[in-house]
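**Q** My file is input_38.cif. It has mmCIF, C-alpha atoms:
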```cif
data_structure
#
loop_
_atom_site.label_atom_id
_atom_site.label_comp_id
_atom_site.auth_asym_id
_atom_site.auth_seq_id
_atom_site.Cartn_x
_atom_site.Cartn_y
_atom_site.Cartn_z
CA MET S 1 79.18 90.77 154.04
CA ASN S 2 75.56 90.73 155.06
CA GLN S 3 74.43 94.33 155.35
CA LYS S 4 70.73 93.68 155.68
CA PRO S 5 69.00 95.46 158.55
CA GLY S 6 68.44 93.25 161.53
CA ILE S 7 68.28 92.88 165.27
CA ILE S 8 69.50 90.57 168.00
CA GLY S 9 67.11 88.76 170.24
CA LYS S 10 66.47 85.90 172.60
CA LYS S 11 64.54 82.84 171.55
CA LEU S 12 61.66 82.30 173.93
CA GLY S 13 59.95 79.26 172.47
CA PHE S 14 57.06 78.30 170.27
CA THR S 15 53.43 79.21 170.20
CA GLN S 16 50.58 79.50 167.74
CA PHE S 17 47.88 82.01 167.04
CA TYR S 18 45.09 82.64 164.55
CA ASN S 19 45.40 85.07 161.66
CA ASP S 20 42.51 87.15 160.36
CA ALA S 21 41.31 84.31 158.16
CA GLY S 22 41.21 82.00 161.17
CA ASP S 23 44.17 79.89 160.09
CA VAL S 24 46.58 78.72 162.74
CA ILE S 25 50.03 80.25 162.45
CA ARG S 26 52.70 78.29 164.27
CA CYS S 27 55.66 80.43 165.12
CA THR S 28 58.78 80.98 167.14
CA VAL S 29 58.75 83.84 169.62
CA ILE S 30 61.84 86.03 169.71
CA GLU S 31 62.22 88.53 172.49
CA ALA S 32 64.19 91.69 171.78
CA PRO S 33 63.62 93.82 174.85
CA ASN S 34 65.48 97.11 175.14
CA VAL S 35 67.92 96.35 172.38
CA THR S 36 70.01 99.50 172.58
CA VAL S 37 72.45 101.10 170.19
CA LEU S 38 75.75 101.20 172.07
CA GLY S 39 77.81 102.67 169.29
CA LYS S 40 78.27 103.11 165.60
CA ARG S 41 81.03 102.09 163.30
CA THR S 42 81.55 104.61 160.53
CA LYS S 43 83.28 104.50 157.21
CA GLU S 44 85.57 107.41 158.10
CA LYS S 45 86.73 106.08 161.42
CA ASP S 46 86.48 102.29 161.13
CA GLY S 47 86.31 101.66 157.41
CA TYR S 48 82.90 100.00 157.58
CA VAL S 49 79.39 100.83 158.74
CA ALA S 50 77.80 98.91 161.57
CA LEU S 51 75.57 99.29 164.58
CA VAL S 52 76.72 97.98 167.95
CA LEU S 53 73.70 96.54 169.69
CA GLY S 54 73.39 95.51 173.31
CA MET S 55 70.73 93.41 175.00
CA THR S 56 69.79 92.25 178.52
CA ASP S 57 70.98 94.35 181.44
CA ALA S 58 74.11 93.11 183.20
CA LYS S 59 75.33 93.61 186.73
CA GLU S 60 78.28 95.97 186.81
CA LYS S 61 80.34 93.59 188.92
CA HIS S 62 80.27 91.09 186.08
CA LEU S 63 82.05 93.40 183.69
CA THR S 64 85.59 94.66 183.44
CA LYS S 65 86.42 98.33 183.77
CA PRO S 66 87.17 98.79 180.06
CA GLN S 67 83.81 97.26 179.22
CA LEU S 68 82.05 99.53 181.69
CA GLY S 69 83.80 102.52 180.17
CA ALA S 70 82.32 101.72 176.78
CA PHE S 71 78.80 101.62 178.24
CA LYS S 72 79.42 104.84 180.14
CA LYS S 73 80.52 106.55 176.95
CA ALA S 74 77.32 105.50 175.22
CA GLY S 75 75.34 106.59 178.27
CA VAL S 76 73.38 103.36 178.58
CA PRO S 77 73.11 100.75 181.35
CA ALA S 78 75.55 97.87 181.06
CA LYS S 79 74.43 95.06 178.79
CA ARG S 80 75.23 91.39 178.90
CA VAL S 81 75.09 90.74 175.18
CA VAL S 82 76.94 93.01 172.77
CA LYS S 83 76.96 92.39 169.06
CA GLU S 84 77.90 94.34 165.97
CA LEU S 85 75.66 94.18 162.93
CA ARG S 86 76.98 95.44 159.61
CA CYS S 87 74.48 97.61 157.85
CA HIS S 88 73.97 100.23 155.19
CA ASP S 89 74.41 103.93 155.82
CA ASP S 90 70.73 104.77 155.64
CA PHE S 91 69.79 102.12 158.20
CA ALA S 92 72.50 103.29 160.59
CA ALA S 93 71.35 106.87 160.15
CA LYS S 94 67.94 105.98 161.55
CA PHE S 95 69.36 105.35 165.00
CA GLU S 96 71.26 107.40 167.55
CA VAL S 97 73.66 106.05 170.12
CA GLY S 98 71.73 105.23 173.27
CA GLN S 99 68.48 104.76 171.40
CA VAL S 100 66.33 101.70 171.98
CA VAL S 101 65.63 99.84 168.75
CA LYS S 102 61.95 99.05 168.38
CA LEU S 103 61.02 95.98 166.37
CA ASP S 104 58.59 97.85 164.14
CA GLN S 105 61.41 100.15 163.08
CA VAL S 106 63.25 97.20 161.62
CA PHE S 107 60.65 94.72 160.43
CA GLU S 108 57.17 94.70 159.03
CA VAL S 109 54.61 91.92 159.18
CA GLY S 110 54.71 89.58 156.21
CA GLN S 111 58.26 90.23 155.11
CA LEU S 112 60.88 87.52 154.71
CA VAL S 113 63.74 87.30 157.17
CA ASP S 114 66.72 85.07 157.90
CA ALA S 115 67.25 83.68 161.38
CA LYS S 116 70.71 82.82 162.66
CA GLY S 117 71.31 80.90 165.84
CA LYS S 118 73.49 78.32 167.45
CA THR S 119 71.90 74.88 167.33
CA ARG S 120 71.51 72.81 170.45
CA GLY S 121 74.69 70.85 171.15
CA ARG S 122 74.18 67.10 171.13
CA GLY S 123 77.80 66.08 171.69
CA PHE S 124 79.41 63.12 169.95
CA THR S 125 76.55 61.46 168.15
CA GLY S 126 76.24 58.21 166.23
CA VAL S 127 75.22 57.98 162.58
CA MET S 128 71.61 57.04 163.28
CA ARG S 129 70.86 60.28 165.07
CA ARG S 130 73.28 62.50 163.20
CA TRP S 131 72.60 61.38 159.64
CA ASN S 132 69.36 59.43 160.00
CA PHE S 133 70.98 56.12 159.03
CA ALA S 134 68.66 53.18 159.39
CA GLY S 135 70.94 50.95 161.47
CA PHE S 136 70.58 47.21 161.28
CA VAL S 137 67.97 44.62 162.15
CA GLN S 138 67.69 44.21 165.90
CA THR S 139 67.27 40.41 165.71
CA HIS S 140 68.35 37.52 163.47
CA GLY S 141 71.73 37.27 165.17
CA THR S 142 72.95 40.85 164.71
CA HIS S 143 75.94 41.06 167.00
CA GLU S 144 77.25 44.41 168.24
CA TYR S 145 76.28 46.04 164.95
CA ARG S 146 72.80 47.38 165.60
CA ARG S 147 73.46 51.11 165.35
CA HIS S 148 76.48 51.00 163.01
CA GLY S 149 76.70 52.78 159.70
CA GLY S 150 77.92 49.90 157.53
CA SER S 151 80.56 50.21 154.85
CA ILE S 152 82.53 53.43 154.47
CA GLY S 153 84.11 52.66 151.11
CA THR S 154 85.61 50.16 148.72
CA ASN S 155 88.81 48.08 149.01
CA MET S 156 91.72 48.53 146.55
CA THR S 157 90.19 51.30 144.48
CA PRO S 158 90.64 53.94 145.70
CA GLY S 159 92.12 52.27 148.75
CA ARG S 160 91.04 55.02 151.11
CA THR S 161 87.87 56.39 152.58
CA LEU S 162 86.61 59.29 150.52
CA PRO S 163 86.24 62.68 152.18
CA ASN S 164 82.86 63.73 153.58
CA VAL S 165 81.63 60.20 154.24
CA LYS S 166 78.92 60.46 156.88
CA MET S 167 80.14 59.12 160.21
CA GLY S 168 79.57 59.74 163.89
CA GLY S 169 80.90 62.94 165.45
CA GLN S 170 80.03 66.23 167.03
CA TYR S 171 76.42 67.14 166.26
CA GLY S 172 74.91 70.53 166.94
CA ASP S 173 76.41 73.55 168.69
CA GLU S 174 77.12 75.11 165.33
CA THR S 175 75.92 78.36 163.84
CA LEU S 176 73.03 77.79 161.49
CA SER S 177 70.91 80.17 159.44
CA VAL S 178 67.40 79.45 158.29
CA LEU S 179 66.53 81.58 155.29
CA ASN S 180 63.28 83.11 154.13
CA LEU S 181 61.06 82.80 157.16
CA THR S 182 58.00 85.01 157.39
CA VAL S 183 57.41 87.60 160.07
CA ALA S 184 54.00 86.64 161.39
CA LYS S 185 53.42 89.27 164.03
CA ILE S 186 55.22 92.08 165.79
CA ASP S 187 54.50 93.23 169.32
CA ALA S 188 56.78 96.24 169.54
CA GLU S 189 55.47 97.26 172.93
CA ARG S 190 56.49 94.03 174.60
CA GLY S 191 59.46 93.56 172.27
CA LEU S 192 58.19 90.28 170.86
CA LEU S 193 58.78 89.10 167.31
CA PHE S 194 56.75 86.18 165.98
CA ILE S 195 58.41 84.29 163.15
CA GLN S 196 56.53 81.60 161.30
CA GLY S 197 58.41 78.33 161.50
CA GLY S 198 61.41 77.18 163.46
CA VAL S 199 64.48 79.18 164.43
CA PRO S 200 67.72 77.37 165.33
CA GLY S 201 68.91 77.37 168.90
CA ALA S 202 67.87 76.41 172.39
CA LYS S 203 65.33 78.38 174.38
CA SER S 204 66.75 81.65 175.69
CA SER S 205 69.69 81.44 173.30
CA LEU S 206 70.87 84.37 171.24
CA VAL S 207 69.50 84.68 167.72
CA THR S 208 70.08 87.23 164.98
CA ILE S 209 67.17 88.12 162.72
CA ARG S 210 67.89 90.02 159.51
CA HIS S 211 66.05 90.88 156.35
CA ALA S 212 66.21 87.97 153.92
CA ILE S 213 69.40 88.09 151.90
CA LYS S 214 68.26 85.78 149.12
CA ALA S 215 64.62 86.77 148.91
CA LYS S 216 63.43 87.13 145.36
CA PRO S 217 61.91 90.52 144.63
CA LYS S 218 58.19 90.29 144.07
CA ALA S 219 57.45 89.75 140.39
CA MET E 1 60.05 83.91 183.29
CA ASN E 2 60.32 82.80 179.70
CA MET E 3 57.13 80.84 179.75
CA THR E 4 55.06 83.60 181.24
CA LYS E 5 55.48 85.91 178.25
CA ILE E 6 54.28 83.23 175.89
CA GLN E 7 51.54 82.21 178.27
CA GLU E 8 50.50 85.82 178.58
CA PHE E 9 50.21 86.02 174.83
CA GLU E 10 48.30 82.77 174.57
CA GLN E 11 45.95 83.91 177.30
CA SER E 12 44.84 86.73 175.03
CA LEU E 13 43.68 84.17 172.45
CA VAL E 14 41.42 82.24 174.82
CA ARG E 15 37.72 82.58 174.07
CA SER E 16 35.37 82.80 176.98
CA ASP E 17 32.10 82.94 175.05
CA LEU E 18 31.83 79.19 174.50
CA PRO E 19 29.83 76.93 176.81
CA GLU E 20 31.45 74.46 179.16
CA PHE E 21 31.14 70.90 177.91
CA ARG E 22 32.63 67.55 178.79
CA VAL E 23 33.62 64.32 177.15
CA GLY E 24 30.47 62.32 176.37
CA ASP E 25 28.31 65.36 175.66
CA THR E 26 26.62 65.66 172.28
CA LEU E 27 27.37 68.95 170.58
CA ARG E 28 26.33 70.90 167.55
CA VAL E 29 29.42 72.74 166.37
CA HIS E 30 28.69 75.64 164.05
CA TYR E 31 31.87 75.95 162.05
CA LYS E 32 32.69 78.62 159.50
CA ILE E 33 33.86 77.19 156.20
CA VAL E 34 35.71 79.57 153.90
CA GLU E 35 35.29 78.89 150.20
CA GLY E 36 37.14 81.38 148.09
CA ASP E 37 35.96 84.73 149.33
CA LYS E 38 32.62 83.47 150.66
CA ASP E 39 32.09 81.71 153.93
CA ARG E 40 29.18 79.66 155.20
CA ILE E 41 28.41 77.87 158.40
CA GLN E 42 28.39 74.12 158.60
CA VAL E 43 26.99 72.24 161.55
CA PHE E 44 28.72 69.14 162.82
CA GLN E 45 26.79 67.18 165.40
CA GLY E 46 28.27 64.36 167.38
CA VAL E 47 29.67 63.05 170.62
CA VAL E 48 32.78 64.56 172.16
CA ILE E 49 35.22 61.66 172.48
CA LYS E 50 38.31 63.60 173.50
CA ARG E 51 39.28 66.91 174.97
CA HIS E 52 42.86 68.07 174.77
CA ARG E 53 43.25 70.75 177.40
CA ALA E 54 46.24 72.92 176.60
CA GLY E 55 45.28 76.51 177.20
CA ALA E 56 44.92 78.44 173.97
CA ARG E 57 45.98 75.40 171.97
CA SER E 58 43.15 73.22 173.32
CA THR E 59 41.29 70.96 170.94
CA PHE E 60 38.31 68.64 171.12
CA THR E 61 37.31 65.71 168.95
CA VAL E 62 33.72 65.11 167.88
CA ARG E 63 32.58 61.79 166.45
CA LYS E 64 29.47 61.09 164.47
CA VAL E 65 28.30 58.26 162.27
CA SER E 66 27.25 59.49 158.87
CA PHE E 67 25.78 57.01 156.35
CA ASN E 68 27.31 54.16 158.33
CA VAL E 69 30.75 55.72 158.18
CA GLY E 70 32.31 57.02 161.36
CA VAL E 71 33.50 60.61 161.00
CA GLU E 72 35.71 62.31 163.55
CA ARG E 73 36.68 65.95 163.48
CA VAL E 74 39.22 67.70 165.62
CA PHE E 75 38.30 71.30 166.36
CA LEU E 76 40.54 73.95 167.83
CA LEU E 77 38.57 75.10 170.81
CA HIS E 78 39.55 78.75 170.62
CA SER E 79 39.47 79.05 166.86
CA PRO E 80 37.65 82.10 165.54
CA ARG E 81 36.16 79.79 162.91
CA ILE E 82 33.91 78.25 165.53
CA ASP E 83 30.78 80.33 165.29
CA LYS E 84 29.05 78.75 168.26
CA ILE E 85 28.69 75.49 170.14
CA GLU E 86 25.32 74.12 171.19
CA ILE E 87 25.07 71.40 173.77
CA VAL E 88 22.43 68.94 172.60
CA SER E 89 22.67 66.60 175.56
CA LYS E 90 24.93 65.83 178.47
CA GLY E 91 26.29 62.33 178.65
CA VAL E 92 27.36 60.09 181.48
CA VAL E 93 30.72 58.48 180.85
CA ARG E 94 33.37 56.97 183.05
CA ARG E 95 36.46 57.82 181.09
CA SER E 96 38.08 60.82 179.49
CA ARG E 97 38.72 59.26 176.10
CA LEU E 98 35.82 57.49 174.41
CA PHE E 99 37.86 55.68 171.79
CA TYR E 100 35.93 52.50 172.53
CA LEU E 101 33.03 53.98 170.56
CA ARG E 102 35.02 53.37 167.39
CA GLU E 103 34.69 49.63 167.87
CA LEU E 104 30.97 49.74 168.52
CA GLN E 105 28.03 50.07 166.17
CA GLY E 106 24.37 50.94 166.32
CA LYS E 107 22.71 50.87 169.71
CA ALA E 108 25.88 49.86 171.49
CA ALA E 109 27.67 52.98 170.31
CA ARG E 110 25.52 55.30 172.37
CA VAL E 111 26.42 57.35 175.40
CA ARG E 112 23.98 57.30 178.34
CA ASP E 113 22.16 60.60 178.70
CA GLN E 114 22.41 62.44 182.00
CA LYS E 115 18.63 62.78 182.09
CA ASP E 116 18.18 59.02 182.07
CA ALA E 117 20.80 58.35 184.68
#
```
Since I need it in another form, could you write the structure as structure tokens?
**A**
Amino acid sequence: MNQKPGIIGKKLGFTQFYNDAGDVIRCTVIEAPNVTVLGKRTKEKDGYVALVLGMTDAKEKHLTKPQLGAFKKAGVPAKRVVKELRCHDDFAAKFEVGQVVKLDQVFEVGQLVDAKGKTRGRGFTGVMRRWNFAGFVQTHGTHEYRRHGGSIGTNMTPGRTLPNVKMGGQYGDETLSVLNLTVAKIDAERGLLFIQGGVPGAKSSLVTIRHAIKAKPKA
Amino acid sequence: MNMTKIQEFEQSLVRSDLPEFRVGDTLRVHYKIVEGDKDRIQVFQGVVIKRHRAGARSTFTVRKVSFNVGVERVFLLHSPRIDKIEIVSKGVVRRSRLFYLRELQGKAARVRDQKDA
């Protein structure tokens, strides 16, 4: 289970800026405004350690009474997004229930992080878009076969289509992590996190940013 | 609402110390070149053949002919590597993209100066 420290946020879009050397850094902007600790899971009580984080204020009429009770207990305004992040004891100890998590408490500029998001759903998609197949020639008498994938196997041996052959199907709308991205800039005051490179998901979708799980320690 | 936060951030990158110039103008761009840990300033003089106006991400393209070879450079307008921009002359042109200059040579590949117009 991933126990790296992290935070939830909203993907805002892309931008670029100049670093001190004058190079252009192209990055994704993640907004994590008023991410609040709603509760803690503890080893004694729950058998595991985690922080319950909430983001984006919600209208009370949109929530059920049990949900509202949980917010009332934590003493924070109701939140629309609630997510648990497993973590280590010492990271959980840094935060109190009701406390707003600042980005500079979690990340530092230059470190590697993993970004998890839900990719944009493209629906049922053909092989050209989904798997970058080349398709067929558009002329020379091609008939109703321009965007097809071609053969999906042999005849008698093995007499079946092998598993995992690339075909058309649902594309996108799946959880995807991009590993080892660099934190380019942190604006803790505005709650903006700048991550170099792309982060999966549509604009204003929920993303989870955590310390890189597979990062090699510096030699 | 989403865009404004990014726009707000990009606004902070915009430089206001550079002169206004237009397509067709001849510029001297003083550009910082970083070599190892030293940097020096290189001047690139030529005609602006394109401006890409996109806020903080704006660019402009300068074309010059050097030893009979056309050279075009795209500069990021708000880059801190641009030391300064001098306007050598203002040109009179009728379009926003002067790509036709690429096809022309010698005297034909000039832009009419505003002073002569």
**Q** Compile the contact shell of Ser58 of chain E as a PDB file with C-alpha atoms, in the coordinates of the input: residues with an atom at most 7 Å away, counting only C-alpha atoms, same-chain residues fewer than 6 positions apart removed.
**A**
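Final file, out-v9.pdb:
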```pdb
ATOM      1  CA  HIS E  52      42.860  68.070 174.770  1.00  0.00           C
ATOM      2  CA  LEU E  76      40.540  73.950 167.830  1.00  0.00           C
ATOM      3  CA  LEU E  77      38.570  75.100 170.810  1.00  0.00           C
TER       4      LEU E  77
END
```
**Q** Using all atoms listed in the file, which of the listed residues (S:Gly47, S:Asp187, S:Lys72, S:Arg210) sits closest to chain E?
**A** S:Asp187
**Q** Run through the PyMOL selection byres ((chain E) within 10 of (chain S)) on the given coordinates and return the selected residues as a ChimeraX atom specification.
**A** /E:1-7,9-10,12-13,32,34,56-57,76,78-82
**Q** What is the distance, in Å and to one decimal place, between atom CA of Phe194 of chain S and atom CA of Ser177 of chain S?
**A**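 Atom CA of Ser177 of chain S lies at a distance of 16.7 Å from atom CA of Phe194 of chain S.
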**Q** Assuming the chain letters and numbering stay as they are in my file, what does the PyMOL selection byres ((chain E and resi 87) around 9) actually select? List them as a PDB file with C-alpha atoms, in the frame of the given file.
**A**
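Generated file (expr.pdb):
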```pdb
ATOM      1  CA  PRO E  19      29.830  76.930 176.810  1.00  0.00           C
ATOM      2  CA  GLU E  20      31.450  74.460 179.160  1.00  0.00           C
ATOM      3  CA  PHE E  21      31.140  70.900 177.910  1.00  0.00           C
ATOM      4  CA  ASP E  25      28.310  65.360 175.660  1.00  0.00           C
ATOM      5  CA  THR E  26      26.620  65.660 172.280  1.00  0.00           C
ATOM      6  CA  LEU E  27      27.370  68.950 170.580  1.00  0.00           C
ATOM      7  CA  ARG E  28      26.330  70.900 167.550  1.00  0.00           C
ATOM      8  CA  VAL E  29      29.420  72.740 166.370  1.00  0.00           C
ATOM      9  CA  ILE E  85      28.690  75.490 170.140  1.00  0.00           C
ATOM     10  CA  GLU E  86      25.320  74.120 171.190  1.00  0.00           C
ATOM     11  CA  VAL E  88      22.430  68.940 172.600  1.00  0.00           C
ATOM     12  CA  SER E  89      22.670  66.600 175.560  1.00  0.00           C
ATOM     13  CA  LYS E  90      24.930  65.830 178.470  1.00  0.00           C
TER      14      LYS E  90
END
```
**Q** Using all atoms listed in the file, determine which residues lie at most 7 Å from Gln114 of chain E, disregarding the query and same-chain residues fewer than 2 positions distant; provide the list as JSON, numbers by chain.
**A** {"E": [90, 91, 92, 112, 116, 117]}
**Q** Might you pull out every residue within 7 Å of segment 99-105 of chain S, with all atoms listed in the file counted and same-chain residues fewer than 5 positions away left off, and present them as a list of chain:residue names?
**A**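 Residues near the query, excluding close chain neighbours: S:Asn34, S:Val35, S:Thr36, S:Val37, S:Ile186, S:Ala188, S:Gly191.
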**Q** Write out, as a short mmCIF file (atom, residue, chain, number, x, y, z; two decimals), keeping the file's coordinate frame, the residues just selected, with C-alpha atoms.
**A**
```
data_model
loop_
_atom_site.label_atom_id
_atom_site.label_comp_id
_atom_site.auth_asym_id
_atom_site.auth_seq_id
_atom_site.Cartn_x
_atom_site.Cartn_y
_atom_site.Cartn_z
CA ASN S 34 65.48 97.11 175.14
CA VAL S 35 67.92 96.35 172.38
CA THR S 36 70.01 99.50 172.58
CA VAL S 37 72.45 101.10 170.19
CA ILE S 186 55.22 92.08 165.79
CA ALA S 188 56.78 96.24 169.54
CA GLY S 191 59.46 93.56 172.27
#
```
**Q** Given the file above and the PyMOL selection byres ((chain S and resi 55) around 7), which residues are selected, and can you give them as a PDB file with C-alpha atoms, in the coordinates of the input?
**A**
```
ATOM      1  CA  ASN S  34      65.480  97.110 175.140  1.00  0.00           C
ATOM      2  CA  VAL S  35      67.920  96.350 172.380  1.00  0.00           C
ATOM      3  CA  THR S  36      70.010  99.500 172.580  1.00  0.00           C
ATOM      4  CA  LEU S  53      73.700  96.540 169.690  1.00  0.00           C
ATOM      5  CA  GLY S  54      73.390  95.510 173.310  1.00  0.00           C
ATOM      6  CA  THR S  56      69.790  92.250 178.520  1.00  0.00           C
ATOM      7  CA  ASP S  57      70.980  94.350 181.440  1.00  0.00           C
ATOM      8  CA  LYS S  79      74.430  95.060 178.790  1.00  0.00           C
ATOM      9  CA  ARG S  80      75.230  91.390 178.900  1.00  0.00           C
ATOM     10  CA  VAL S  81      75.090  90.740 175.180  1.00  0.00           C
ATOM     11  CA  VAL S  82      76.940  93.010 172.770  1.00  0.00           C
TER      12      VAL S  82
END
```
**Q** May I ask for the distance between atom CA of His62 of chain S and atom CA of Lys116 of chain S, given in Å to one decimal place?
**A**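 Value for the atom CA of His62 of chain S-atom CA of Lys116 of chain S distance: 26.6 Å.
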**Q** What separation in Å, quoted to one decimal, exists between atom CA of Ala92 of chain S and atom CA of Thr64 of chain S?
**A**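 Separation between atom CA of Ala92 of chain S and atom CA of Thr64 of chain S: 27.7 Å.
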**Q** Closest to Ile7 of chain S among S:Val76, S:Cys87, S:Ala184, S:Val178, using only C-alpha atoms?
**A**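 Using only C-alpha atoms, the shortest distance to Ile7 of chain S belongs to S:Cys87.
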**Q** With a distance cut-off of 10 Å and all atoms listed in the file, select the neighbouring residues of segment 149-159 of chain S, excluding the residue or stretch itself and same-chain residues fewer than 4 positions from it, and output the selection as a list in words.
**A** Gly126, Val127, Met128, Trp131, Asn132, Phe133, Ala134, Gly135, Phe136, Tyr145, Val165, Lys166, Met167 and Gly168 of chain S
**Q** Can you write out the residues you just picked, keeping C-alpha atoms, as an mmCIF file, keeping the file's coordinate frame?
**A**
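again.cif written:
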```cif
data_model
loop_
_atom_site.group_PDB
_atom_site.id
_atom_site.type_symbol
_atom_site.label_atom_id
_atom_site.label_comp_id
_atom_site.auth_asym_id
_atom_site.auth_seq_id
_atom_site.Cartn_x
_atom_site.Cartn_y
_atom_site.Cartn_z
ATOM 1 C CA GLY S 126 76.240 58.210 166.230
ATOM 2 C CA VAL S 127 75.220 57.980 162.580
ATOM 3 C CA MET S 128 71.610 57.040 163.280
ATOM 4 C CA TRP S 131 72.600 61.380 159.640
ATOM 5 C CA ASN S 132 69.360 59.430 160.000
ATOM 6 C CA PHE S 133 70.980 56.120 159.030
ATOM 7 C CA ALA S 134 68.660 53.180 159.390
ATOM 8 C CA GLY S 135 70.940 50.950 161.470
ATOM 9 C CA PHE S 136 70.580 47.210 161.280
ATOM 10 C CA TYR S 145 76.280 46.040 164.950
ATOM 11 C CA VAL S 165 81.630 60.200 154.240
ATOM 12 C CA LYS S 166 78.920 60.460 156.880
ATOM 13 C CA MET S 167 80.140 59.120 160.210
ATOM 14 C CA GLY S 168 79.570 59.740 163.890
#
```
**Q** Which is closer to Asp113 of chain E than all the others in E:Asp17, E:Arg51, E:Gly24, E:Tyr100, using only C-alpha atoms?
**A** E:Gly24
**Q** Can you work out which one of E:Ala109, E:Val69, E:Leu98, E:Val62 has the shortest atom-to-atom distance to Val43 of chain E, counting all atoms listed in the file?
**A** E:Val62
